[in-house]
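Shown next: work_35.txt, given as compact mmCIF, C-alpha atoms.
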```
# COMPACT_ATOMS: atom_id res chain seq x y z
CA MET I 1 183.18 86.87 123.72
CA LEU I 2 183.09 86.92 127.50
CA LYS I 3 183.93 90.22 129.16
CA PHE I 4 184.52 90.77 132.83
CA ARG I 5 185.90 93.47 135.08
CA GLU I 6 187.42 91.60 137.99
CA TYR I 7 189.34 88.34 138.35
CA VAL I 8 189.49 86.86 141.83
CA ARG I 9 191.31 83.80 143.08
CA ALA I 10 189.13 82.43 145.84
CA GLU I 11 190.96 81.92 149.13
CA SER I 12 188.55 79.31 150.40
CA LEU I 13 185.36 77.55 149.33
CA GLU I 14 183.42 79.86 151.66
CA ASP I 15 185.04 82.87 149.99
CA ALA I 16 184.07 81.50 146.55
CA TYR I 17 180.55 80.71 147.72
CA VAL I 18 179.94 84.16 149.22
CA ARG I 19 181.27 85.92 146.12
CA ASN I 20 179.22 83.65 143.86
CA GLN I 21 175.92 84.68 145.47
CA LYS I 22 175.98 87.86 143.41
CA LYS I 23 174.27 87.49 140.08
CA SER I 24 177.10 89.36 138.40
CA ALA I 25 179.68 86.75 139.48
CA HIS I 26 180.67 83.56 137.73
CA ILE I 27 182.87 80.61 138.70
CA LEU I 28 185.61 79.79 136.20
CA GLY I 29 186.14 76.21 135.14
CA GLY I 30 188.39 75.68 132.15
CA MET I 31 186.79 78.79 130.64
CA LEU I 32 186.56 77.17 127.22
CA TRP I 33 182.81 77.35 126.74
CA LEU I 34 182.37 80.39 128.96
CA LYS I 35 184.83 82.30 126.80
CA MET I 36 182.66 81.72 123.74
CA GLN I 37 179.61 83.34 125.30
CA ASN I 38 178.70 86.87 124.41
CA ARG I 39 178.14 88.22 127.89
CA THR I 40 179.57 90.54 130.49
CA VAL I 41 180.04 89.60 134.12
CA GLN I 42 181.42 91.70 136.92
CA THR I 43 183.58 89.13 138.67
CA VAL I 44 185.01 85.78 137.66
CA ILE I 45 186.05 83.51 140.52
CA ASP I 46 188.95 81.12 140.06
CA LEU I 47 189.10 78.00 142.25
CA SER I 48 192.66 77.14 141.16
CA ASP I 49 194.22 77.74 144.58
CA LEU I 50 191.80 75.52 146.52
CA GLY I 51 193.49 72.17 145.94
CA LEU I 52 190.64 70.84 143.82
CA SER I 53 192.83 69.45 141.07
CA GLY I 54 193.51 65.73 141.18
CA ILE I 55 191.92 62.34 141.71
CA GLU I 56 192.00 60.62 145.09
CA GLU I 57 191.29 56.93 145.38
CA THR I 58 189.83 55.24 148.44
CA GLU I 59 188.65 51.65 148.86
CA GLU I 60 185.11 52.57 147.85
CA GLU I 61 185.42 55.44 145.43
CA TYR I 62 187.32 57.88 143.25
CA ARG I 63 187.14 61.50 144.39
CA ILE I 64 187.68 63.80 141.45
CA GLY I 65 188.37 67.45 142.27
CA ALA I 66 186.34 69.99 140.31
CA MET I 67 189.47 71.55 138.80
CA THR I 68 190.85 68.23 137.57
CA SER I 69 191.50 68.48 133.86
CA LEU I 70 189.80 66.17 131.37
CA ARG I 71 193.27 65.05 130.33
CA GLU I 72 194.08 63.90 133.89
CA LEU I 73 190.79 62.02 133.92
CA GLU I 74 191.55 60.48 130.53
CA LEU I 75 194.95 59.23 131.69
CA HIS I 76 193.81 57.92 135.08
CA LYS I 77 194.71 54.24 135.20
CA GLY I 78 192.23 53.27 137.92
CA LEU I 79 189.20 54.73 136.19
CA ASP I 80 190.38 53.35 132.88
CA ALA I 81 190.65 49.85 134.31
CA MET I 82 187.34 50.06 136.18
CA THR I 83 185.43 51.14 133.09
CA GLY I 84 187.27 48.99 130.56
CA GLY I 85 188.47 52.10 128.75
CA ALA I 86 185.02 53.71 128.52
CA VAL I 87 186.01 56.89 130.39
CA ARG I 88 189.01 57.37 128.13
CA GLU I 89 186.87 56.72 125.06
CA SER I 90 184.38 59.36 126.19
CA LEU I 91 187.15 61.96 126.44
CA ARG I 92 189.67 61.29 123.72
CA HIS I 93 187.51 62.77 120.94
CA ILE I 94 187.08 66.11 122.69
CA VAL I 95 188.97 68.57 120.46
CA GLY I 96 192.62 67.93 121.30
CA VAL I 97 195.11 67.32 124.10
CA GLN I 98 195.68 71.07 124.59
CA PHE I 99 191.95 71.61 125.04
CA ARG I 100 191.61 68.71 127.46
CA ASN I 101 194.54 70.04 129.51
CA LEU I 102 192.39 73.11 130.18
CA ALA I 103 188.82 71.80 130.35
CA THR I 104 187.86 70.79 133.86
CA VAL I 105 185.63 68.05 135.19
CA GLY I 106 183.75 70.57 137.33
CA GLY I 107 183.12 72.94 134.43
CA SER I 108 181.98 70.11 132.18
CA ILE I 109 179.52 68.72 134.71
CA PHE I 110 178.31 72.01 136.16
CA GLY I 111 177.40 73.34 132.70
CA ARG I 112 175.12 70.32 132.03
CA PHE I 113 175.71 70.92 128.36
CA GLY I 114 173.60 69.02 125.85
CA PHE I 115 176.68 68.14 123.82
CA SER I 116 178.61 66.85 126.82
CA ASP I 117 180.43 63.55 126.43
CA VAL I 118 181.54 63.94 130.03
CA LEU I 119 178.04 64.18 131.51
CA THR I 120 176.89 61.27 129.34
CA MET I 121 179.70 59.08 130.68
CA PHE I 122 179.29 60.10 134.31
CA LEU I 123 175.57 59.36 134.22
CA ALA I 124 176.43 55.75 133.41
CA LEU I 125 178.73 55.55 136.42
CA ASP I 126 177.52 55.42 140.01
CA SER I 127 178.52 59.02 140.46
CA TRP I 128 177.66 61.89 142.74
CA VAL I 129 178.28 65.58 142.76
CA GLU I 130 179.57 67.15 145.97
CA LEU I 131 178.26 70.68 146.36
CA TYR I 132 179.73 73.02 148.95
CA HIS I 133 176.37 73.76 150.57
CA GLY I 134 174.12 71.17 148.96
CA GLY I 135 176.25 68.16 149.94
CA LEU I 136 176.19 64.96 147.95
CA VAL I 137 173.72 64.85 145.09
CA PRO I 138 173.26 61.88 142.74
CA MET I 139 174.47 62.74 139.24
CA GLU I 140 171.02 62.03 137.74
CA ARG I 141 169.44 64.61 140.03
CA PHE I 142 172.16 67.14 139.42
CA ALA I 143 171.86 66.64 135.66
CA ALA I 144 168.12 67.25 135.87
CA GLU I 145 168.07 70.10 138.36
CA GLY I 146 171.51 71.71 138.45
CA THR I 147 172.20 74.38 141.02
CA GLU I 148 171.91 78.13 140.83
CA ASN I 149 174.95 79.37 142.70
CA ASP I 150 176.38 76.59 144.83
CA ILE I 151 179.97 75.46 144.27
CA LEU I 152 180.73 72.10 142.70
CA VAL I 153 183.61 70.82 144.82
CA ARG I 154 184.20 67.36 143.45
CA VAL I 155 182.65 64.44 141.62
CA ILE I 156 182.56 61.09 143.40
CA VAL I 157 182.58 57.84 141.45
CA LYS I 158 181.75 54.70 143.39
CA LYS I 159 183.70 51.60 142.57
CA GLU I 160 181.22 49.15 141.13
CA LYS I 161 181.93 45.87 139.40
CA ARG I 162 180.07 46.66 136.23
CA ARG I 163 180.97 46.66 132.61
CA TYR I 164 180.86 49.81 130.59
CA ALA I 165 180.92 50.98 127.01
CA TYR I 166 180.95 54.43 125.48
CA LEU I 167 180.21 55.20 121.86
CA SER I 168 179.65 58.39 119.97
CA HIS I 169 178.92 59.35 116.41
CA ARG I 170 180.51 62.51 115.02
CA ASN I 171 180.30 64.18 111.65
CA THR I 172 183.99 64.92 111.87
CA LYS I 173 186.75 64.20 114.34
CA THR I 174 187.01 66.59 117.29
CA ASP I 175 183.50 67.97 116.68
CA PHE I 176 180.67 67.72 119.19
CA PRO I 177 178.93 64.35 119.01
CA VAL I 178 175.84 63.95 116.86
CA MET I 179 174.78 61.36 119.41
CA ALA I 180 176.54 59.70 122.34
CA CYS I 181 175.63 56.59 124.28
CA ALA I 182 177.08 55.17 127.49
CA VAL I 183 176.09 51.73 128.71
CA ALA I 184 176.64 50.07 132.07
CA VAL I 185 175.64 46.52 132.91
CA GLY I 186 175.97 44.61 136.14
CA GLU I 187 174.49 44.52 139.60
CA GLY I 188 174.13 46.81 142.58
CA TRP I 189 171.90 49.61 141.32
CA ARG I 190 170.64 51.94 143.99
CA SER I 191 167.07 51.53 145.25
CA GLY I 192 164.64 53.67 143.38
CA GLU I 193 166.11 52.56 140.09
CA GLY I 194 163.89 49.51 139.99
CA GLU I 195 164.38 46.26 141.83
CA ARG I 196 165.25 44.38 138.74
CA ALA I 197 167.47 46.90 137.01
CA ALA I 198 170.43 45.18 135.42
CA GLY I 199 171.93 48.10 133.62
CA ARG I 200 171.67 51.62 132.43
CA ALA I 201 171.87 53.31 129.08
CA VAL I 202 172.57 57.02 128.79
CA PHE I 203 171.92 59.02 125.65
CA GLY I 204 173.66 62.35 125.19
CA ALA I 205 173.74 65.03 122.52
CA THR I 206 170.20 64.12 121.53
CA PRO I 207 170.82 67.17 121.15
CA ALA I 208 169.33 67.92 124.57
CA ARG I 209 171.05 67.18 127.87
CA ALA I 210 171.96 63.55 128.53
CA ARG I 211 169.38 61.35 130.22
CA SER I 212 169.73 57.88 131.62
CA TYR I 213 167.37 54.95 131.14
CA GLU I 214 167.07 51.81 133.17
CA LEU I 215 167.71 48.48 131.51
CA PRO I 216 165.29 46.02 133.17
CA ALA I 217 166.79 42.64 134.02
CA GLU I 218 164.09 40.78 132.10
CA TRP I 219 164.77 42.86 129.02
CA LEU I 220 168.51 42.30 129.25
CA GLU I 221 168.02 38.56 129.67
CA ARG I 222 165.85 38.54 126.56
CA PHE I 223 168.50 40.55 124.71
CA GLN I 224 171.18 38.07 125.66
CA GLY I 225 169.09 35.09 124.67
CA SER I 226 168.30 36.50 121.23
CA GLY I 227 170.03 36.34 117.87
CA GLU I 228 171.81 39.25 116.26
CA GLU I 229 168.86 40.60 114.27
CA GLU I 230 166.44 40.30 117.18
CA ARG I 231 168.92 42.07 119.46
CA LYS I 232 169.06 44.97 117.03
CA VAL I 233 165.27 45.16 117.01
CA LEU I 234 165.14 45.04 120.82
CA ALA I 235 167.73 47.81 121.10
CA ALA I 236 165.88 49.95 118.57
CA GLU I 237 162.59 49.44 120.43
CA LEU I 238 164.10 50.40 123.76
CA ALA I 239 165.87 53.41 122.27
CA SER I 240 162.69 54.60 120.58
CA VAL I 241 161.57 56.18 123.85
CA VAL I 242 164.56 58.56 123.78
CA PRO I 243 163.38 62.04 122.80
CA THR I 244 165.53 63.39 119.99
CA GLY I 245 165.61 66.61 118.05
CA SER I 246 167.22 68.34 115.11
CA ASN I 247 170.04 70.83 115.01
CA ILE I 248 172.84 71.86 112.65
CA ARG I 249 174.59 68.49 113.05
CA ALA I 250 171.75 66.06 112.40
CA GLY I 251 168.02 65.63 112.13
CA LYS I 252 165.67 64.06 114.63
CA GLU I 253 165.01 60.97 112.52
CA PHE I 254 168.71 60.24 112.06
CA ARG I 255 169.36 60.66 115.76
CA SER I 256 166.55 58.28 116.65
CA HIS I 257 168.03 55.73 114.25
CA LEU I 258 171.47 56.23 115.79
CA ALA I 259 170.11 55.76 119.31
CA GLY I 260 169.13 52.17 118.58
CA ILE I 261 172.38 51.36 116.81
CA LEU I 262 174.57 52.87 119.52
CA LEU I 263 172.60 51.05 122.21
CA TYR I 264 173.00 47.73 120.40
CA ARG I 265 176.73 48.22 119.88
CA GLY I 266 177.20 49.56 123.41
CA LEU I 267 175.48 46.55 124.92
CA MET I 268 177.47 44.16 122.79
CA GLU I 269 180.69 45.85 123.86
CA ALA I 270 179.76 45.97 127.52
CA LEU I 271 178.47 42.38 127.59
CA TYR I 272 180.91 40.69 125.26
CA GLY I 273 183.78 43.09 124.87
CA GLY I 274 183.38 43.71 121.15
CA SER I 275 181.28 45.53 118.61
CA GLY I 276 179.05 42.51 118.37
CA GLN I 277 179.34 42.32 114.63
CA ALA I 278 180.61 38.77 114.76
CA ALA I 279 178.87 37.74 117.96
CA GLY I 280 176.27 35.06 117.65
CA ALA I 281 173.23 34.26 119.76
CA GLY I 282 173.14 32.20 122.88
CA ALA I 283 174.34 32.57 126.41
CA PRO I 284 177.59 34.57 126.48
CA ALA I 285 180.33 32.88 128.42
CA CYS I 286 181.52 36.01 130.18
CA LEU I 287 178.09 36.88 131.54
CA THR I 288 177.35 33.30 132.53
CA GLU I 289 180.57 33.26 134.51
CA GLU I 290 179.67 36.44 136.29
CA LYS I 291 176.19 35.20 137.13
CA GLU I 292 177.59 31.97 138.51
CA GLY I 293 180.12 33.93 140.53
CA GLN I 294 177.38 36.10 141.97
CA ARG I 295 175.30 33.11 142.91
CA ALA I 296 178.28 31.67 144.74
CA MET Y 1 196.63 93.35 138.38
CA LYS Y 2 200.24 92.28 138.69
CA ILE Y 3 201.46 88.87 137.61
CA SER Y 4 204.82 87.18 137.69
CA LEU Y 5 205.73 84.12 135.72
CA VAL Y 6 208.68 82.39 134.12
CA LEU Y 7 208.52 82.95 130.38
CA ASN Y 8 210.96 80.90 128.32
CA GLY Y 9 213.23 80.59 131.34
CA LYS Y 10 213.17 84.25 132.31
CA ASN Y 11 211.31 85.84 135.21
CA VAL Y 12 208.72 88.28 133.96
CA GLU Y 13 206.59 90.65 135.99
CA ALA Y 14 203.84 92.69 134.39
CA LEU Y 15 200.74 94.72 135.05
CA ILE Y 16 197.81 93.38 133.07
CA SER Y 17 194.09 93.97 132.80
CA ASP Y 18 192.14 91.22 134.58
CA ASP Y 19 190.63 89.83 131.38
CA ARG Y 20 193.86 89.79 129.32
CA LEU Y 21 194.27 86.51 127.47
CA LEU Y 22 197.58 84.70 127.64
CA ILE Y 23 197.99 84.82 123.85
CA ASP Y 24 197.88 88.63 123.89
CA PHE Y 25 200.21 88.82 126.86
CA LEU Y 26 202.73 86.56 125.10
CA ARG Y 27 202.60 88.49 121.84
CA ASP Y 28 203.06 91.71 123.83
CA HIS Y 29 206.23 90.14 125.20
CA GLY Y 30 207.71 89.32 121.82
CA CYS Y 31 206.51 85.75 121.40
CA LEU Y 32 205.18 86.18 117.88
CA SER Y 33 205.22 82.45 117.13
CA VAL Y 34 202.02 82.33 119.19
CA LYS Y 35 199.35 83.07 116.63
CA ARG Y 36 195.66 83.71 116.79
CA GLY Y 37 193.79 81.24 114.60
CA CYS Y 38 190.22 80.20 115.32
CA GLU Y 39 189.75 81.84 118.72
CA SER Y 40 187.24 79.13 119.48
CA SER Y 41 189.72 76.74 121.13
CA ASN Y 42 189.69 74.37 118.18
CA CYS Y 43 192.69 74.87 115.91
CA GLY Y 44 195.74 74.45 118.17
CA LEU Y 45 197.64 77.28 116.53
CA CYS Y 46 198.18 79.16 119.80
CA THR Y 47 199.63 76.15 121.66
CA VAL Y 48 202.14 76.94 124.41
CA PHE Y 49 203.37 74.95 127.39
CA MET Y 50 202.10 75.77 130.84
CA ASP Y 51 204.22 73.90 133.36
CA ASP Y 52 205.24 71.58 130.50
CA LYS Y 53 201.68 70.77 129.44
CA PRO Y 54 200.42 71.96 126.06
CA VAL Y 55 197.50 74.39 126.39
CA LEU Y 56 195.64 76.81 124.15
CA SER Y 57 196.85 80.31 125.01
CA CYS Y 58 193.74 81.83 123.39
CA SER Y 59 191.69 80.19 126.12
CA VAL Y 60 193.80 80.89 129.21
CA LEU Y 61 193.71 84.10 131.16
CA ALA Y 62 197.11 85.67 131.64
CA ALA Y 63 196.04 86.01 135.27
CA ARG Y 64 195.91 82.23 135.50
CA ALA Y 65 199.52 82.02 134.36
CA ASP Y 66 200.60 83.91 137.47
CA GLY Y 67 203.15 81.80 139.33
CA HIS Y 68 203.51 79.33 136.47
CA ARG Y 69 206.11 78.50 133.84
CA ILE Y 70 205.21 79.29 130.24
CA ASP Y 71 207.22 78.11 127.25
CA THR Y 72 206.65 79.14 123.66
CA LEU Y 73 208.39 78.09 120.47
CA GLU Y 74 210.88 80.93 121.05
CA GLY Y 75 212.08 79.06 124.13
CA LEU Y 76 212.34 75.70 122.41
CA GLN Y 77 214.45 76.69 119.43
CA LYS Y 78 216.77 73.68 119.48
CA GLU Y 79 214.05 71.05 119.72
CA ALA Y 80 211.91 72.91 117.20
CA GLU Y 81 214.70 73.27 114.66
CA GLU Y 82 215.69 69.63 114.90
CA PHE Y 83 212.11 68.41 114.42
CA GLY Y 84 211.13 71.15 111.97
CA ALA Y 85 213.77 70.00 109.51
CA PHE Y 86 211.95 66.69 109.14
CA ILE Y 87 208.67 68.47 108.49
CA ALA Y 88 210.36 70.64 105.87
CA ASP Y 89 211.93 67.56 104.24
CA GLN Y 90 208.42 66.30 103.53
CA GLY Y 91 207.20 69.66 102.28
CA ALA Y 92 204.72 69.38 105.11
CA GLU Y 93 205.08 72.93 106.34
CA GLN Y 94 203.09 74.07 103.26
CA CYS Y 95 201.75 77.57 103.99
CA GLY Y 96 203.36 77.44 107.42
CA PHE Y 97 200.49 78.95 109.33
CA CYS Y 98 199.74 75.96 111.56
CA ASN Y 99 203.38 74.99 112.08
CA PRO Y 100 204.18 76.73 115.37
CA GLY Y 101 201.23 75.10 117.13
CA MET Y 102 201.79 71.74 115.49
CA VAL Y 103 205.51 71.74 116.34
CA MET Y 104 204.75 72.66 119.95
CA ASN Y 105 202.21 69.89 120.32
CA ALA Y 106 204.45 67.37 118.55
CA ILE Y 107 207.25 68.22 121.00
CA ALA Y 108 204.78 67.66 123.86
CA MET Y 109 203.90 64.29 122.34
CA PHE Y 110 207.56 63.22 121.95
CA ARG Y 111 208.21 64.12 125.58
CA GLU Y 112 205.19 62.12 126.73
CA ASN Y 113 205.53 59.24 124.31
CA PRO Y 114 208.83 59.05 122.42
CA ASP Y 115 207.73 56.17 120.19
CA PRO Y 116 204.06 56.68 119.29
CA THR Y 117 202.16 54.58 116.78
CA ASP Y 118 200.49 56.27 113.81
CA ASP Y 119 197.14 56.13 115.59
CA GLU Y 120 198.65 57.67 118.71
CA ILE Y 121 200.20 60.44 116.59
CA ARG Y 122 196.87 61.15 114.90
CA GLU Y 123 195.07 61.18 118.22
CA TYR Y 124 197.59 63.43 119.96
CA LEU Y 125 197.66 65.92 117.12
CA ALA Y 126 193.92 65.87 116.44
CA GLY Y 127 193.62 69.30 117.99
CA ASN Y 128 196.01 70.88 115.47
CA LEU Y 129 194.19 71.85 112.31
CA CYS Y 130 196.08 72.41 109.05
CA ARG Y 131 194.21 74.55 106.56
CA CYS Y 132 196.33 73.07 103.73
CA SER Y 133 195.23 69.61 104.98
CA GLY Y 134 198.88 68.58 105.02
CA TYR Y 135 198.35 65.85 107.58
CA GLU Y 136 199.93 63.00 105.61
CA GLY Y 137 203.11 65.02 105.08
CA GLN Y 138 203.20 65.85 108.78
CA LEU Y 139 202.78 62.18 109.63
CA ARG Y 140 205.65 61.21 107.31
CA GLY Y 141 207.85 63.88 108.86
CA ILE Y 142 207.02 62.72 112.38
CA ARG Y 143 207.72 59.09 111.47
CA ALA Y 144 211.07 60.06 109.95
CA PHE Y 145 211.95 62.09 113.04
CA ILE Y 146 211.09 59.18 115.35
CA GLU Y 147 213.30 56.85 113.30
CA TYR Y 148 216.11 59.42 113.43
CA LYS Y 149 215.82 59.65 117.23
CA LYS Y 150 215.74 55.87 117.55
CA LYS Y 151 219.07 55.75 115.78
CA GLY Y 152 220.47 58.09 118.35
CA GLY Y 153 219.97 61.21 116.28
CA ALA Y 154 222.10 60.12 113.34
CA SER Y 155 220.51 60.36 109.91
```
As structure tokens:
Amino acid sequence: MLKFREYVRAESLEDAYVRNQKKSAHILGGMLWLKMQNRTVQTVIDLSDLGLSGIEETEEEYRIGAMTSLRELELHKGLDAMTGGAVRESLRHIVGVQFRNLATVGGSIFGRFGFSDVLTMFLALDSWVELYHGGLVPMERFAAEGTENDILVRVIVKKEKRRYAYLSHRNTKTDFPVMACAVAVGEGWRSGEGERAAGRAVFGATPARARSYELPAEWLERFQGSGEEERKVLAAELASVVPTGSNIRAGKEFRSHLAGILLYRGLMEALYGGSGQAAGAGAPACLTEEKEGQRA
Amino acid sequence: MKISLVLNGKNVEALISDDRLLIDFLRDHGCLSVKRGCESSNCGLCTVFMDDKPVLSCSVLAARADGHRIDTLEGLQKEAEEFGAFIADQGAEQCGFCNPGMVMNAIAMFRENPDPTDDEIREYLAGNLCRCSGYEGQLRGIRAFIEYKKKGGAS
């Protein structure tokens, strides 16, 4: 159980930043995971008065304040439409509505938790973390490196015309995922992600922290041109590079098996809008249309 | 530290320790419907409304409630009684331990979505655990209540 001596509502980001430089201080997000930790801190810093709750939309991006609740994110119509329901799917299994009314986007991302559905989903989006001193940092870099005592101000999600899917496997409803997988397919990947990247797959709860993997265009074309069984084999092969491990929820071998299955189903959903169980081989109409549109 | 909030429609001012949890503050102020269940933010038993949104009072600092409106079951007697009768009709209250939290969250659901489907009910109430596993009875009671409200409140 968390213990602390002093609760402070920061008056500004600078105030929060200065206070947070002390090792004995800690920024409060939703406090749900922090509360479960057996530790004592001197000061907890609350960002609630800094106007960081809410989602702004511009022509190019969504700007999600660090104190925005997961429930607000779940119910956001713009993000839901852009991701074809994937963002909502990534959130709706997290405990319950009351929990998601408290849990914050900033707390979920900043913690870089291995079990995080939220981080898994955001890694599939073209998303950035805005740090008070560190500025804009790509989500992949933030997930890998984190930050010691900077302040996460907001998360930026660029509007990209891609198709998304989010799947997770849980032993029981509302539990942490045994394995989670987010898939994004489409164009416009940033340089450095490979010239011929046509998508991204993110595996979370492996049980380590989520990591994203490029889907090469050639591989995706082969996947699309294959039959159902071959697609499953291709997905399993690609997912075999994902490092997995064992914990109380599942063993390494089971997780590795799940990785291939979730990737296959995620791709089928993102490409064809369904689980793929009934989908046959051949060129999918929806992707052909998009490719023709892009050529035009 | 000193906090002031509106608790069940009444202004309350109090001196609290900085790390006081809202659940303890509420029980100190006579709201004994707010119970401590799992204390790991999973069971929904301690559900209260903060500015009309259902939250887990075991996971909110009382300090964070400063300047906000908090409602517990004690402040929602009419709504709770009306709905609770339908739960009782199905024998779904069983041991009764989870009922305050479940009733609070069901009221939040009815306010947000007055005519939910069964799947929407299950999803909204997923964070309310019943140790008697009386979920089917609860679902029947909720369905019956929704039908009653659709008919304008006449049984």
Inset, instruction - Using only C-alpha atoms, determine which residues of chain I fall within 6 Å of chain Y; present them as a VMD selection string. - result: chain I and resid 6 to 7 95 to 96 98
Inset, instruction - Just give me the gap between atom CA of I:Ala184 and atom CA of I:Ala201 in Å, one decimal is fine. - result: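 For atom CA of I:Ala184 relative to atom CA of I:Ala201, the distance reads 6.5 Å.
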Inset, instruction - Work out how far apart atom CA of I:Val157 and atom CA of I:Arg196 are and give it in Å to one decimal. - result: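 Distance between the two atoms: 22.1 Å.
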Inset, instruction - Go through Y:Asp52, Y:Asp119, Y:Asp71, Y:Glu147 one by one, measure the shortest atom-to-atom distance of each to Y:Phe83 using only C-alpha atoms, and give the residue with the smallest value. - result: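 Nearest candidate to Y:Phe83 out of Y:Asp52, Y:Asp119, Y:Asp71, Y:Glu147: Y:Glu147.
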Inset, instruction - Quick one: pull the distance between atom CA of I:Leu52 and atom CA of I:Leu125, Å, one decimal. - result: 20.7 Å
Inset, instruction - Choose the residue, out of Y:Pro100, Y:Ile16, Y:Ala85, Y:Arg69, that has the smallest atom-to-atom separation from Y:Gly37; count all atoms listed in the file. - result: Y:Pro100
Inset, instruction - Point out the residue among Y:Thr72, Y:Val6, Y:Cys130, Y:Thr117 with the least atom-to-atom distance to Y:Ile23, counting all atoms listed in the file. - result: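 The answer is Y:Thr72, which sits nearest to Y:Ile23.
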Inset, instruction - Fewer than 3 positions away in the same chain doesn't count, so skip those; otherwise give me all residues within 10 Å of I:Gly245, counting only C-alpha atoms, as a list in words. - result: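 Selected residues are Ala205, Thr206, Pro207, Ala208, Val242, Ala250, Gly251, Lys252, Glu253, Phe254, Arg255 and Ser256 of chain I.
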Legend entry - Sel. within 12 Å of pt (173.0, 87.9, 141.6), counting all atoms listed in the file, output as a PyMOL selection string: chain I and resi 18-26+41-43+148-149
Legend entry - Selection as a list in words: residues within 7 Å of (187.1, 57.2, 135.1), counting all atoms listed in the file: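 Those within range, by chain then number, are Leu73, His76, Leu79, Asp80, Thr83 and Val87 of chain I.
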For I:Ala182, find every residue with an atom within 8 Å (counting only C-alpha atoms), except residues of its own chain fewer than 6 positions away, and show them as a PDB file with C-alpha atoms, in the coordinates of the input.
```pdb
ATOM      1  CA  THR I 120     176.890  61.270 129.340  1.00  0.00           C
ATOM      2  CA  MET I 121     179.700  59.080 130.680  1.00  0.00           C
ATOM      3  CA  ALA I 124     176.430  55.750 133.410  1.00  0.00           C
ATOM      4  CA  TYR I 164     180.860  49.810 130.590  1.00  0.00           C
ATOM      5  CA  ALA I 165     180.920  50.980 127.010  1.00  0.00           C
ATOM      6  CA  TYR I 166     180.950  54.430 125.480  1.00  0.00           C
ATOM      7  CA  LEU I 167     180.210  55.200 121.860  1.00  0.00           C
ATOM      8  CA  ALA I 201     171.870  53.310 129.080  1.00  0.00           C
ATOM      9  CA  VAL I 202     172.570  57.020 128.790  1.00  0.00           C
ATOM     10  CA  PHE I 203     171.920  59.020 125.650  1.00  0.00           C
ATOM     11  CA  GLY I 266     177.200  49.560 123.410  1.00  0.00           C
TER      12      GLY I 266
END
```
Inset, instruction - Tell me which protein, DNA and RNA residues are within 12 Å of Y:Glu120, counting only C-alpha atoms, leaving out same-chain ones fewer than 6 positions away, and put them as number ranges by chain. - result: I: 92, 97; Y: 106, 109-110, 112-114, 126, 139, 142-143
Inset, instruction - Can you work out which one of I:Glu130, I:Asp46, I:Glu230, I:Glu187 has the shortest atom-to-atom distance to I:Arg63, counting all atoms listed in the file? - result: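 For I:Arg63, the nearest of the candidates is I:Glu130.
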